[in-house]
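What follows is entry_5.cif (mmCIF, C-alpha atoms and all ligand atoms).
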```cif
data_model
#
loop_
_atom_site.label_atom_id
_atom_site.label_comp_id
_atom_site.auth_asym_id
_atom_site.auth_seq_id
_atom_site.Cartn_x
_atom_site.Cartn_y
_atom_site.Cartn_z
CA MET X 520 45.70 -43.03 9.22
CA SER X 521 47.88 -45.33 11.37
CA GLY X 522 47.68 -49.11 10.95
CA LYS X 523 45.25 -49.20 13.87
CA GLY X 524 42.85 -46.65 12.45
CA LEU X 525 41.94 -43.01 12.85
CA ASN X 526 41.81 -40.73 15.85
CA VAL X 527 38.20 -39.54 15.91
CA ALA X 528 36.40 -36.83 17.90
CA ILE X 529 32.64 -36.41 18.18
CA ALA X 530 31.53 -32.87 19.08
CA GLY X 531 28.00 -33.25 20.48
CA ALA X 532 28.53 -36.90 21.46
CA THR X 533 25.69 -36.85 24.03
CA GLY X 534 23.01 -35.66 21.58
CA ALA X 535 20.56 -37.53 19.36
CA VAL X 536 22.94 -37.46 16.38
CA GLY X 537 26.05 -37.93 18.56
CA GLU X 538 24.69 -41.16 20.07
CA GLU X 539 23.94 -42.44 16.57
CA PHE X 540 27.52 -41.61 15.50
CA ILE X 541 28.74 -43.81 18.35
CA SER X 542 26.48 -46.74 17.32
CA ILE X 543 27.15 -46.52 13.58
CA LEU X 544 30.95 -46.26 13.91
CA GLN X 545 30.83 -49.56 15.83
CA GLU X 546 28.22 -51.24 13.59
CA ARG X 547 30.19 -50.45 10.43
CA LYS X 548 33.52 -51.33 12.09
CA PHE X 549 34.93 -47.93 11.18
CA PRO X 550 38.69 -48.12 11.91
CA VAL X 551 39.00 -46.10 15.12
CA ALA X 552 42.38 -45.99 16.89
CA ASP X 553 41.25 -43.53 19.55
CA ILE X 554 37.98 -41.71 20.18
CA ARG X 555 37.21 -38.48 22.06
CA PHE X 556 33.69 -37.53 23.16
CA LEU X 557 32.99 -33.80 23.44
CA ALA X 558 29.90 -31.94 24.66
CA SER X 559 28.92 -29.04 26.93
CA GLU X 560 29.85 -28.55 30.58
CA ARG X 561 26.50 -30.18 31.44
CA SER X 562 27.89 -33.54 30.32
CA GLU X 563 31.46 -33.24 31.61
CA GLY X 564 32.57 -36.52 33.18
CA LYS X 565 29.56 -38.50 31.92
CA LYS X 566 30.67 -41.91 30.63
CA LEU X 567 29.75 -43.35 27.23
CA GLU X 568 30.58 -46.86 25.98
CA PHE X 569 32.64 -47.47 22.85
CA SER X 570 33.85 -50.95 21.81
CA GLY X 571 33.58 -52.23 25.37
CA GLU X 572 35.42 -49.24 26.85
CA SER X 573 33.90 -46.59 29.05
CA ILE X 574 35.00 -43.14 27.88
CA LYS X 575 34.54 -39.85 29.76
CA VAL X 576 32.88 -36.92 27.98
CA GLU X 577 35.08 -33.82 27.87
CA VAL X 578 34.07 -30.19 27.41
CA LEU X 579 34.34 -29.01 23.78
CA LYS X 580 37.17 -26.46 23.57
CA GLU X 581 39.47 -25.07 20.90
CA ASP X 582 42.31 -27.33 22.02
CA SER X 583 40.11 -30.48 22.03
CA PHE X 584 41.38 -31.62 18.63
CA GLU X 585 45.09 -32.21 19.15
CA GLY X 586 46.04 -35.45 17.33
CA ILE X 587 42.51 -35.83 15.90
CA GLU X 588 42.24 -36.85 12.23
CA LEU X 589 38.45 -36.94 11.85
CA ALA X 590 36.08 -34.60 13.75
CA LEU X 591 32.38 -35.34 13.48
CA PHE X 592 30.39 -32.24 14.52
CA SER X 593 26.78 -32.35 15.77
CA ALA X 594 26.73 -29.78 18.58
CA GLY X 595 24.69 -27.06 16.85
CA GLY X 596 25.62 -24.32 14.40
CA ALA X 597 27.19 -21.92 16.92
CA ARG X 598 29.64 -24.61 18.09
CA SER X 599 30.50 -25.56 14.50
CA LYS X 600 31.22 -21.92 13.68
CA GLN X 601 33.39 -21.50 16.77
CA PHE X 602 35.25 -24.81 16.92
CA ALA X 603 35.37 -26.39 13.42
CA PRO X 604 38.12 -23.98 12.21
CA ALA X 605 40.17 -24.90 15.33
CA ALA X 606 39.75 -28.60 14.52
CA VAL X 607 40.94 -28.00 10.94
CA LYS X 608 43.90 -25.98 12.24
CA SER X 609 44.85 -28.97 14.40
CA GLY X 610 44.96 -31.14 11.27
CA ALA X 611 41.54 -32.81 11.43
CA VAL X 612 39.02 -33.12 8.61
CA VAL X 613 35.63 -31.93 9.89
CA VAL X 614 32.35 -33.47 8.74
CA ASP X 615 29.78 -30.98 9.98
CA ASN X 616 26.08 -31.66 10.55
CA SER X 617 25.01 -28.05 11.05
CA SER X 618 23.92 -25.63 8.33
CA THR X 619 26.83 -23.24 9.08
CA PHE X 620 29.10 -24.03 6.12
CA ARG X 621 26.75 -25.84 3.71
CA MET X 622 26.31 -23.07 1.16
CA GLU X 623 29.90 -21.80 1.25
CA PRO X 624 31.19 -22.33 -2.30
CA GLU X 625 34.48 -23.93 -1.22
CA VAL X 626 32.79 -26.40 1.16
CA PRO X 627 31.63 -29.65 -0.44
CA LEU X 628 28.03 -30.54 0.48
CA VAL X 629 27.88 -34.26 0.05
CA VAL X 630 25.50 -37.20 -0.20
CA PRO X 631 27.80 -40.05 -1.28
CA GLU X 632 25.17 -41.75 -3.49
CA VAL X 633 24.79 -38.46 -5.41
CA ASN X 634 28.03 -36.46 -5.49
CA ALA X 635 30.82 -38.40 -3.77
CA HIS X 636 33.23 -36.87 -6.31
CA ALA X 637 32.87 -33.50 -4.51
CA ILE X 638 34.59 -34.86 -1.37
CA SER X 639 38.10 -34.66 -2.81
CA GLY X 640 37.82 -30.86 -3.24
CA HIS X 641 37.56 -30.23 0.50
CA LYS X 642 39.75 -27.72 2.33
CA GLY X 643 39.25 -29.21 5.78
CA ILE X 644 35.47 -28.99 6.18
CA ILE X 645 32.87 -31.16 4.46
CA ALA X 646 29.21 -30.33 5.12
CA ASN X 647 26.52 -32.91 5.71
CA PRO X 648 23.25 -31.68 4.18
CA ASN X 649 19.94 -31.10 5.91
CA CYS X 650 18.16 -34.37 6.81
CA SER X 651 15.12 -33.78 4.56
CA THR X 652 17.34 -32.87 1.63
CA ILE X 653 19.53 -35.98 1.95
CA GLN X 654 16.70 -38.49 1.64
CA MET X 655 15.07 -36.59 -1.22
CA VAL X 656 18.21 -36.33 -3.37
CA VAL X 657 19.05 -40.02 -2.88
CA ALA X 658 15.64 -40.80 -4.45
CA LEU X 659 15.86 -38.12 -7.16
CA LYS X 660 19.39 -38.79 -8.44
CA PRO X 661 18.65 -41.96 -10.49
CA LEU X 662 15.62 -40.26 -12.07
CA HIS X 663 17.59 -37.07 -12.81
CA ASP X 664 20.32 -39.16 -14.48
CA TYR X 665 17.66 -40.73 -16.73
CA SER X 666 15.91 -37.47 -17.59
CA ARG X 667 16.78 -34.08 -16.12
CA ILE X 668 14.44 -32.94 -13.35
CA LYS X 669 13.21 -29.42 -14.11
CA ARG X 670 10.87 -28.88 -11.14
CA VAL X 671 10.53 -30.30 -7.63
CA ILE X 672 7.57 -29.64 -5.32
CA VAL X 673 8.04 -31.24 -1.91
CA SER X 674 5.98 -31.31 1.28
CA THR X 675 7.60 -32.88 4.32
CA TYR X 676 6.23 -34.66 7.38
CA GLN X 677 9.20 -34.41 9.74
CA SER X 678 9.64 -36.26 13.02
CA VAL X 679 10.43 -34.51 16.30
CA SER X 680 13.81 -36.27 16.67
CA GLY X 681 14.96 -33.88 13.93
CA THR X 682 14.92 -31.16 16.60
CA GLY X 683 17.04 -33.25 19.01
CA LYS X 684 16.54 -35.08 22.28
CA LYS X 685 14.55 -32.32 24.04
CA ALA X 686 11.87 -32.43 21.34
CA VAL X 687 11.49 -36.22 21.68
CA HIS X 688 10.86 -35.69 25.41
CA GLU X 689 8.40 -32.85 24.70
CA LEU X 690 6.22 -35.00 22.43
CA GLU X 691 6.39 -37.91 24.89
CA SER X 692 5.34 -35.79 27.86
CA GLN X 693 2.61 -33.92 25.95
CA VAL X 694 1.04 -37.23 24.84
CA LYS X 695 1.15 -38.60 28.41
CA ASN X 696 -0.26 -35.40 29.92
CA LEU X 697 -3.04 -35.02 27.37
CA MET X 698 -4.09 -38.66 27.85
CA SER X 699 -4.37 -38.05 31.61
CA MET X 700 -6.14 -34.65 31.28
CA GLN X 701 -3.16 -32.68 32.61
CA GLU X 702 -1.68 -29.36 31.47
CA ILE X 703 1.03 -29.52 28.79
CA GLU X 704 4.21 -27.52 28.42
CA CYS X 705 5.43 -26.14 25.07
CA SER X 706 9.08 -25.19 25.29
CA VAL X 707 10.80 -26.62 22.20
CA TYR X 708 7.99 -25.78 19.75
CA PRO X 709 5.79 -22.64 19.82
CA HIS X 710 2.60 -24.77 19.81
CA GLN X 711 1.40 -28.18 20.99
CA ILE X 712 3.07 -30.87 18.84
CA ALA X 713 1.14 -33.87 20.21
CA PHE X 714 -1.81 -34.70 17.88
CA ASN X 715 -0.94 -31.65 15.78
CA CYS X 716 1.01 -30.58 12.66
CA LEU X 717 3.16 -27.44 12.62
CA PRO X 718 3.91 -25.89 9.21
CA HIS X 719 6.94 -24.24 10.72
CA ILE X 720 10.49 -25.68 10.94
CA ASP X 721 13.35 -23.34 11.84
CA ARG X 722 12.96 -19.55 11.64
CA PHE X 723 10.75 -17.60 9.22
CA GLU X 724 12.53 -15.66 6.48
CA ASP X 725 11.33 -12.30 5.06
CA ASN X 726 10.00 -14.03 1.91
CA GLY X 727 7.53 -16.15 3.94
CA PHE X 728 9.49 -19.39 3.62
CA THR X 729 11.00 -21.04 6.68
CA PHE X 730 14.76 -21.53 6.79
CA GLU X 731 14.20 -25.33 6.62
CA GLU X 732 12.41 -24.78 3.28
CA ILE X 733 15.19 -22.53 2.02
CA LYS X 734 17.76 -25.16 3.05
CA MET X 735 15.91 -27.81 1.01
CA ILE X 736 15.73 -25.50 -2.02
CA ASN X 737 19.36 -24.32 -2.00
CA GLU X 738 20.98 -27.56 -0.89
CA THR X 739 19.13 -29.69 -3.48
CA ARG X 740 20.38 -27.46 -6.29
CA LYS X 741 23.96 -27.50 -4.94
CA ILE X 742 24.12 -31.29 -4.43
CA MET X 743 22.45 -32.06 -7.78
CA GLU X 744 24.78 -29.51 -9.41
CA ASP X 745 21.90 -27.92 -11.32
CA ASP X 746 21.27 -24.20 -10.77
CA ASP X 747 18.32 -24.29 -13.16
CA MET X 748 16.36 -26.85 -11.13
CA ALA X 749 13.24 -25.14 -9.75
CA VAL X 750 12.51 -26.36 -6.23
CA THR X 751 9.81 -25.39 -3.77
CA ALA X 752 9.15 -26.85 -0.33
CA THR X 753 6.67 -26.80 2.53
CA THR X 754 8.20 -28.34 5.64
CA VAL X 755 5.92 -29.59 8.40
CA ARG X 756 6.68 -30.99 11.86
CA VAL X 757 4.40 -33.92 12.73
CA PRO X 758 3.95 -35.92 15.96
CA VAL X 759 6.16 -38.80 14.83
CA PHE X 760 9.23 -39.74 16.89
CA TYR X 761 11.68 -41.02 14.27
CA ALA X 762 11.96 -40.83 10.42
CA HIS X 763 10.87 -38.11 8.03
CA SER X 764 8.29 -38.68 5.26
CA GLU X 765 8.03 -36.60 2.09
CA SER X 766 5.54 -36.19 -0.72
CA VAL X 767 7.66 -35.33 -3.75
CA TYR X 768 6.35 -34.17 -7.16
CA ILE X 769 8.83 -33.88 -10.03
CA GLU X 770 8.65 -32.65 -13.62
CA THR X 771 11.25 -34.06 -15.99
CA GLU X 772 12.46 -33.06 -19.46
CA GLU X 773 11.47 -36.42 -20.99
CA LYS X 774 8.71 -38.71 -19.79
CA ILE X 775 9.65 -41.28 -17.14
CA THR X 776 6.92 -43.87 -16.78
CA ALA X 777 6.10 -45.13 -13.29
CA ASP X 778 7.47 -48.58 -14.29
CA THR X 779 10.76 -47.08 -15.49
CA ALA X 780 11.04 -45.00 -12.32
CA ARG X 781 10.46 -48.14 -10.21
CA GLU X 782 13.15 -49.99 -12.19
CA LEU X 783 15.65 -47.11 -11.86
CA LEU X 784 15.01 -46.84 -8.13
CA LEU X 785 15.26 -50.63 -7.62
CA ASN X 786 18.83 -50.44 -8.94
CA ALA X 787 19.81 -47.23 -7.15
CA PRO X 788 22.33 -47.27 -4.28
CA GLY X 789 20.84 -46.63 -0.85
CA VAL X 790 17.24 -46.93 -2.07
CA GLN X 791 14.64 -49.56 -1.26
CA VAL X 792 11.41 -49.56 -3.25
CA VAL X 793 8.29 -50.42 -1.22
CA ASP X 794 5.47 -50.00 -3.67
CA ASP X 795 2.68 -52.55 -3.80
CA PRO X 796 -0.64 -50.80 -3.19
CA SER X 797 -2.53 -54.11 -3.72
CA LYS X 798 -0.97 -55.32 -0.45
CA ASN X 799 -1.09 -51.89 1.27
CA GLU X 800 2.69 -51.75 0.97
CA TYR X 801 4.30 -48.30 0.97
CA PRO X 802 7.08 -46.69 3.01
CA LEU X 803 6.21 -46.00 6.65
CA ALA X 804 8.10 -43.92 9.23
CA VAL X 805 7.74 -46.59 11.91
CA GLU X 806 9.34 -49.16 9.60
CA ALA X 807 12.11 -46.85 8.35
CA ALA X 808 13.19 -45.89 11.88
CA GLY X 809 16.50 -47.57 12.75
CA LYS X 810 17.21 -48.53 9.12
CA ASP X 811 19.79 -47.19 6.68
CA GLU X 812 17.87 -47.04 3.41
CA VAL X 813 15.79 -44.36 1.77
CA PHE X 814 12.41 -46.01 1.15
CA VAL X 815 10.42 -44.96 -1.93
CA GLY X 816 6.85 -45.87 -2.85
CA ARG X 817 3.51 -44.55 -4.15
CA ILE X 818 5.31 -44.05 -7.49
CA ARG X 819 2.74 -42.78 -9.95
CA GLU X 820 2.41 -40.66 -13.07
CA ASP X 821 0.69 -37.30 -12.84
CA LEU X 822 -2.77 -37.26 -14.41
CA PHE X 823 -2.41 -33.87 -16.13
CA SER X 824 1.24 -33.50 -17.12
CA SER X 825 2.89 -36.20 -19.25
CA ASN X 826 6.36 -35.64 -17.78
CA ALA X 827 5.62 -35.67 -14.07
CA LEU X 828 5.75 -38.17 -11.24
CA ASN X 829 4.65 -38.35 -7.61
CA LEU X 830 6.71 -40.21 -5.00
CA TRP X 831 6.53 -40.90 -1.25
CA VAL X 832 10.02 -40.90 0.30
CA VAL X 833 10.76 -42.00 3.88
CA SER X 834 14.02 -42.36 5.81
CA ASP X 835 15.47 -42.26 9.34
CA ASN X 836 16.50 -38.63 9.83
CA ILE X 837 19.09 -39.42 12.49
CA ARG X 838 20.73 -42.20 10.48
CA LYS X 839 20.76 -41.44 6.70
CA GLY X 840 19.64 -37.86 7.45
CA ALA X 841 22.60 -37.21 9.75
CA ALA X 842 25.05 -39.68 11.33
CA LEU X 843 25.12 -42.40 8.66
CA ASN X 844 25.58 -39.95 5.78
CA ALA X 845 28.45 -38.24 7.65
CA ILE X 846 30.17 -41.58 8.33
CA GLN X 847 29.72 -42.61 4.68
CA ILE X 848 31.48 -39.35 3.74
CA ALA X 849 34.34 -40.27 6.11
CA GLU X 850 34.49 -43.82 4.66
CA ASN X 851 34.80 -42.35 1.17
CA LEU X 852 37.41 -39.83 2.29
CA PHE X 853 39.63 -42.33 4.07
CA GLU X 854 38.64 -45.23 1.78
CA THR X 855 37.70 -47.39 4.73
CA GLY X 856 34.20 -48.48 3.63
P1 LIG X 901 20.61 -32.64 20.59
O1 LIG X 901 20.04 -33.98 20.81
O2 LIG X 901 19.95 -31.46 21.24
O3 LIG X 901 22.16 -32.67 21.00
C1 LIG X 901 22.96 -31.50 21.02
C2 LIG X 901 24.40 -31.86 21.32
O4 LIG X 901 25.19 -30.66 21.26
C3 LIG X 901 24.60 -32.45 22.71
O5 LIG X 901 25.66 -33.36 22.70
C4 LIG X 901 24.99 -31.20 23.53
O6 LIG X 901 25.75 -31.48 24.68
C5 LIG X 901 25.87 -30.50 22.50
N1 LIG X 901 25.97 -29.08 22.85
C6 LIG X 901 24.98 -28.18 23.01
N2 LIG X 901 25.49 -26.99 23.43
C7 LIG X 901 26.83 -27.16 23.52
C8 LIG X 901 27.91 -26.31 23.91
N3 LIG X 901 27.71 -25.03 24.27
N4 LIG X 901 29.17 -26.82 23.89
C9 LIG X 901 29.39 -28.10 23.55
N5 LIG X 901 28.41 -28.96 23.19
C10 LIG X 901 27.15 -28.49 23.16
O7 LIG X 901 20.65 -32.24 19.03
P2 LIG X 901 20.86 -33.19 17.74
O8 LIG X 901 19.55 -33.50 17.15
O9 LIG X 901 21.82 -34.27 18.07
O10 LIG X 901 21.49 -32.13 16.70
C11 LIG X 901 22.82 -31.71 16.79
C12 LIG X 901 23.22 -31.02 15.50
O11 LIG X 901 23.01 -31.87 14.38
C13 LIG X 901 22.45 -29.72 15.19
O12 LIG X 901 23.35 -28.84 14.55
C14 LIG X 901 21.41 -30.18 14.22
O13 LIG X 901 20.95 -29.14 13.38
C15 LIG X 901 22.17 -31.23 13.42
N6 LIG X 901 21.31 -32.22 12.77
C16 LIG X 901 20.38 -32.91 13.46
C17 LIG X 901 19.58 -33.84 12.80
C18 LIG X 901 18.53 -34.65 13.49
O14 LIG X 901 17.78 -35.34 12.77
N7 LIG X 901 18.41 -34.60 14.82
C19 LIG X 901 19.75 -34.06 11.43
C20 LIG X 901 20.72 -33.34 10.75
C21 LIG X 901 21.48 -32.43 11.44
P3 LIG X 901 25.03 -31.63 26.13
O15 LIG X 901 24.38 -32.98 26.14
O16 LIG X 901 26.18 -31.52 27.07
O17 LIG X 901 24.05 -30.51 26.24
#
```

Here is a file; write its structure as structure tokens.
Amino acid sequence: MSGKGLNVAIAGATGAVGEEFISILQERKFPVADIRFLASERSEGKKLEFSGESIKVEVLKEDSFEGIELALFSAGGARSKQFAPAAVKSGAVVVDNSSTFRMEPEVPLVVPEVNAHAISGHKGIIANPNCSTIQMVVALKPLHDYSRIKRVIVSTYQSVSGTGKKAVHELESQVKNLMSMQEIECSVYPHQIAFNCLPHIDRFEDNGFTFEEIKMINETRKIMEDDDMAVTATTVRVPVFYAHSESVYIETEEKITADTARELLLNAPGVQVVDDPSKNEYPLAVEAAGKDEVFVGRIREDLFSSNALNLWVVSDNIRKGAALNAIQIAENLFETG
């Protein structure tokens, strides 16, 4: 890094995650010497603001990374597969938001609050986990450190922004059309998403799980560095614009009382406890949207198993679930935070 900062490229700069990268780099005063915005031919020449400067979007190509030290990728898996190796060859460290490299053994899969130590083992690519996994492991880590988590059962309520900008527009237009008795179009999702819940995120696998569920299962075990942790997931798309919510049930080796869990979570990095049922206070997607924290509430002991807890975990999928987590990885890597 030069005295002025790092040369940074954003692949997918015009997307939902890309735009958040641009905001968060500025908000956190990340030391940027020069920045390059990359996207598809559709966006070529479009101008985006950064620190008072108007910067033209260029087409993502293999030679886009000359002189780049940090490449933040959020242009979809196919682009990561094609262009991340070229970025590494040019000398950049890639922090990748797609699922392409996450389960490769030599690629660190990192949530800084949980396994920042894994960053130093990188060989050019560091993977940012799936959005639903990130917020869950931030909440689970302090409990796991207190008493090992043996079993996780999670059901998610995921916002449409997790599918990108087109999905946000699809929900918006379906709501408007349905309210004015007009026909709706379903192009991003296979069914109506407005006023509906779809138990289907990403493709179906042969075993009946969706790939989103498999990502949560495999990634949780990799990040928590516990191959014996039993995880199951049901991932559901709901008609919410921003922030994912999760109902999480855990079984631990030793008992953790609800009070102890609350205390552990109150002191955990990146977590905010919102848990006062007497005042109807619990984490809400509309309140988490635009914020950095993982919000945890509805903390309660299971009625039938002495070593089990239920939690409600909410966070902004585009911030902590994507752009913020990736920038925190870069801050750790370059010690700029
Ligand atoms: P999005 O809003 O649809 O944006 C997609 C971005 O990729 C746009 O900048 C688009 O450029 C670019 N792109 C698409 N095709 C391209 C091509 N052929 N060449 C170059 N650039 C291309 O999607 P998103 O939600 O930001 O997601 C982007 C990535 O982040 C995906 O891999 C996704 O899985 C991952 N991710 C998303 C979230 C989330 O909560 N949204 C969370 C974690 C990870 P144009 O504007 O020019 O089309």

Inset, instruction - Would you kindly return, as a list of chain:residue names, each protein, DNA or RNA residue with an atom no farther than 9 Å from any atom of Asn851 of chain X, considering only C-alpha atoms and excluding same-chain residues fewer than 5 positions away? - result: X:Pro631, X:Ala635, X:Ile638, X:Ile846, X:Gly856

Output the selection as a tab-separated table (two decimals), in the coordinates of the input - C-alpha atoms for each residue.
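The file below, again_13.tsv, is the result:
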```tsv
chain	number	residue	atom	x	y	z
X	631	PRO	CA	27.80	-40.05	-1.28
X	635	ALA	CA	30.82	-38.40	-3.77
X	638	ILE	CA	34.59	-34.86	-1.37
X	846	ILE	CA	30.17	-41.58	8.33
X	856	GLY	CA	34.20	-48.48	3.63
```

Inset, instruction - Identify, on the basis of only C-alpha atoms, every residue whose closest approach to segment 732-737 of chain X does not exceed 8 Å; exclude the query and any residue fewer than 5 positions from it along the same chain; express the result as a PyMOL selection string. - result: chain X and resi 622+649+651-652+720+750-754

Chain X near ligand LIG 901 (chain X) within 7 Å: what's each residue's closest atom pair and its distance in Å to one decimal, counting only C-alpha atoms and all ligand atoms, ordered by chain then ascending residue number, as JSON lines?
```
{"residue": "X:Ala530", "atom": "CA", "partner": "X:LIG901", "partner_atom": "N5", "distance": 6.5}
{"residue": "X:Gly531", "atom": "CA", "partner": "X:LIG901", "partner_atom": "O5", "distance": 3.2}
{"residue": "X:Ala532", "atom": "CA", "partner": "X:LIG901", "partner_atom": "O5", "distance": 4.7}
{"residue": "X:Thr533", "atom": "CA", "partner": "X:LIG901", "partner_atom": "O5", "distance": 3.7}
{"residue": "X:Gly534", "atom": "CA", "partner": "X:LIG901", "partner_atom": "O3", "distance": 3.2}
{"residue": "X:Ala535", "atom": "CA", "partner": "X:LIG901", "partner_atom": "O9", "distance": 3.7}
{"residue": "X:Val536", "atom": "CA", "partner": "X:LIG901", "partner_atom": "O9", "distance": 3.8}
{"residue": "X:Gly537", "atom": "CA", "partner": "X:LIG901", "partner_atom": "O9", "distance": 5.6}
{"residue": "X:Leu557", "atom": "CA", "partner": "X:LIG901", "partner_atom": "N5", "distance": 6.7}
{"residue": "X:Ala558", "atom": "CA", "partner": "X:LIG901", "partner_atom": "N5", "distance": 3.6}
{"residue": "X:Ser559", "atom": "CA", "partner": "X:LIG901", "partner_atom": "C9", "distance": 3.5}
{"residue": "X:Glu560", "atom": "CA", "partner": "X:LIG901", "partner_atom": "O16", "distance": 5.9}
{"residue": "X:Arg561", "atom": "CA", "partner": "X:LIG901", "partner_atom": "O16", "distance": 4.6}
{"residue": "X:Ser562", "atom": "CA", "partner": "X:LIG901", "partner_atom": "O16", "distance": 4.2}
{"residue": "X:Val578", "atom": "CA", "partner": "X:LIG901", "partner_atom": "C9", "distance": 6.4}
{"residue": "X:Leu579", "atom": "CA", "partner": "X:LIG901", "partner_atom": "C9", "distance": 5.0}
{"residue": "X:Ser593", "atom": "CA", "partner": "X:LIG901", "partner_atom": "C12", "distance": 3.8}
{"residue": "X:Ala594", "atom": "CA", "partner": "X:LIG901", "partner_atom": "O4", "distance": 3.2}
{"residue": "X:Gly595", "atom": "CA", "partner": "X:LIG901", "partner_atom": "O12", "distance": 3.2}
{"residue": "X:Gly596", "atom": "CA", "partner": "X:LIG901", "partner_atom": "O12", "distance": 5.1}
{"residue": "X:Arg598", "atom": "CA", "partner": "X:LIG901", "partner_atom": "N4", "distance": 6.2}
{"residue": "X:Asn616", "atom": "CA", "partner": "X:LIG901", "partner_atom": "C21", "distance": 4.7}
{"residue": "X:Ser617", "atom": "CA", "partner": "X:LIG901", "partner_atom": "O12", "distance": 4.0}
{"residue": "X:Ser618", "atom": "CA", "partner": "X:LIG901", "partner_atom": "O13", "distance": 6.8}
{"residue": "X:Asn649", "atom": "CA", "partner": "X:LIG901", "partner_atom": "C20", "distance": 5.4}
{"residue": "X:Cys650", "atom": "CA", "partner": "X:LIG901", "partner_atom": "C20", "distance": 4.8}
{"residue": "X:Ser680", "atom": "CA", "partner": "X:LIG901", "partner_atom": "N7", "distance": 5.2}
{"residue": "X:Gly681", "atom": "CA", "partner": "X:LIG901", "partner_atom": "O14", "distance": 3.4}
{"residue": "X:Thr682", "atom": "CA", "partner": "X:LIG901", "partner_atom": "N7", "distance": 5.2}
{"residue": "X:Gly683", "atom": "CA", "partner": "X:LIG901", "partner_atom": "O8", "distance": 3.1}
{"residue": "X:Lys684", "atom": "CA", "partner": "X:LIG901", "partner_atom": "O1", "distance": 4.0}
{"residue": "X:Lys685", "atom": "CA", "partner": "X:LIG901", "partner_atom": "O2", "distance": 6.1}
{"residue": "X:Asn836", "atom": "CA", "partner": "X:LIG901", "partner_atom": "O14", "distance": 4.6}
{"residue": "X:Ile837", "atom": "CA", "partner": "X:LIG901", "partner_atom": "O14", "distance": 4.3}
{"residue": "X:Gly840", "atom": "CA", "partner": "X:LIG901", "partner_atom": "C19", "distance": 5.5}
{"residue": "X:Ala841", "atom": "CA", "partner": "X:LIG901", "partner_atom": "C20", "distance": 4.4}
```

Legend entry - Contact residues around segment 769-780 of chain X with all atoms listed in the file at 10 Å, ignoring same-chain residues under 2 positions, as a PyMOL selection string: chain X and resi 659+661-663+665-673+748-750+767+782-785+817-821+824-830

Inset, instruction - Pull the neighbourhood of (29.7, -33.7, -4.1) for me: all residues within 12 Å in file coordinates, counting all atoms listed in the file, as a PyMOL selection string. - result: chain X and resi 621+624-641+645-648+656+738-744+848+851-852

Which neighbours of Leu843 of chain X fall inside 12 Å, counting all atoms listed in the file, when residues of the same chain fewer than 4 positions from it are skipped, and could you give them as a compact mmCIF listing (two decimals) with C-alpha atoms, in the frame of the given file?
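And here's around.txt as it stands now:
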```txt
# COMPACT_ATOMS: atom_id res chain seq x y z
CA VAL X 536 22.94 -37.46 16.38
CA GLY X 537 26.05 -37.93 18.56
CA GLU X 538 24.69 -41.16 20.07
CA GLU X 539 23.94 -42.44 16.57
CA PHE X 540 27.52 -41.61 15.50
CA ILE X 541 28.74 -43.81 18.35
CA SER X 542 26.48 -46.74 17.32
CA ILE X 543 27.15 -46.52 13.58
CA LEU X 544 30.95 -46.26 13.91
CA GLN X 545 30.83 -49.56 15.83
CA GLU X 546 28.22 -51.24 13.59
CA ARG X 547 30.19 -50.45 10.43
CA PHE X 549 34.93 -47.93 11.18
CA LEU X 591 32.38 -35.34 13.48
CA VAL X 614 32.35 -33.47 8.74
CA ASN X 616 26.08 -31.66 10.55
CA VAL X 630 25.50 -37.20 -0.20
CA PRO X 631 27.80 -40.05 -1.28
CA ASN X 647 26.52 -32.91 5.71
CA PRO X 648 23.25 -31.68 4.18
CA CYS X 650 18.16 -34.37 6.81
CA ILE X 653 19.53 -35.98 1.95
CA GLN X 654 16.70 -38.49 1.64
CA GLY X 789 20.84 -46.63 -0.85
CA GLY X 809 16.50 -47.57 12.75
CA LYS X 810 17.21 -48.53 9.12
CA ASP X 811 19.79 -47.19 6.68
CA GLU X 812 17.87 -47.04 3.41
CA VAL X 813 15.79 -44.36 1.77
CA SER X 834 14.02 -42.36 5.81
CA ASP X 835 15.47 -42.26 9.34
CA ASN X 836 16.50 -38.63 9.83
CA ILE X 837 19.09 -39.42 12.49
CA ARG X 838 20.73 -42.20 10.48
CA LYS X 839 20.76 -41.44 6.70
CA GLN X 847 29.72 -42.61 4.68
CA ILE X 848 31.48 -39.35 3.74
CA ALA X 849 34.34 -40.27 6.11
CA GLU X 850 34.49 -43.82 4.66
```

Pro758 of chain X: which residues within 8 Å, counting all atoms listed in the file, same-chain residues fewer than 6 positions away excluded, as an mmCIF file with C-alpha atoms, in the coordinates of the input?
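Once written, selection.cif looks like this:
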```cif
data_model
loop_
_atom_site.group_PDB
_atom_site.id
_atom_site.type_symbol
_atom_site.label_atom_id
_atom_site.label_comp_id
_atom_site.auth_asym_id
_atom_site.auth_seq_id
_atom_site.Cartn_x
_atom_site.Cartn_y
_atom_site.Cartn_z
ATOM 1 C CA SER X 678 9.640 -36.260 13.020
ATOM 2 C CA VAL X 679 10.430 -34.510 16.300
ATOM 3 C CA LEU X 690 6.220 -35.000 22.430
ATOM 4 C CA ILE X 712 3.070 -30.870 18.840
ATOM 5 C CA ALA X 713 1.140 -33.870 20.210
ATOM 6 C CA PHE X 714 -1.810 -34.700 17.880
ATOM 7 C CA ASN X 715 -0.940 -31.650 15.780
ATOM 8 C CA CYS X 716 1.010 -30.580 12.660
#
```

Legend entry - Sphere at (5.9, -41.4, 3.1), radius 6 Å, counting only C-alpha atoms: residues as an NGL selection string: :X and (764-765 or 802-803 or 831-833)

Now that the selection is made, can you save its residues with C-alpha atoms as a compact mmCIF listing (two decimals), keeping the file's coordinate frame?
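Below is the file that was written, selection-v6.txt:
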```txt
# COMPACT_ATOMS: atom_id res chain seq x y z
CA SER X 764 8.29 -38.68 5.26
CA GLU X 765 8.03 -36.60 2.09
CA PRO X 802 7.08 -46.69 3.01
CA LEU X 803 6.21 -46.00 6.65
CA TRP X 831 6.53 -40.90 -1.25
CA VAL X 832 10.02 -40.90 0.30
CA VAL X 833 10.76 -42.00 3.88
```
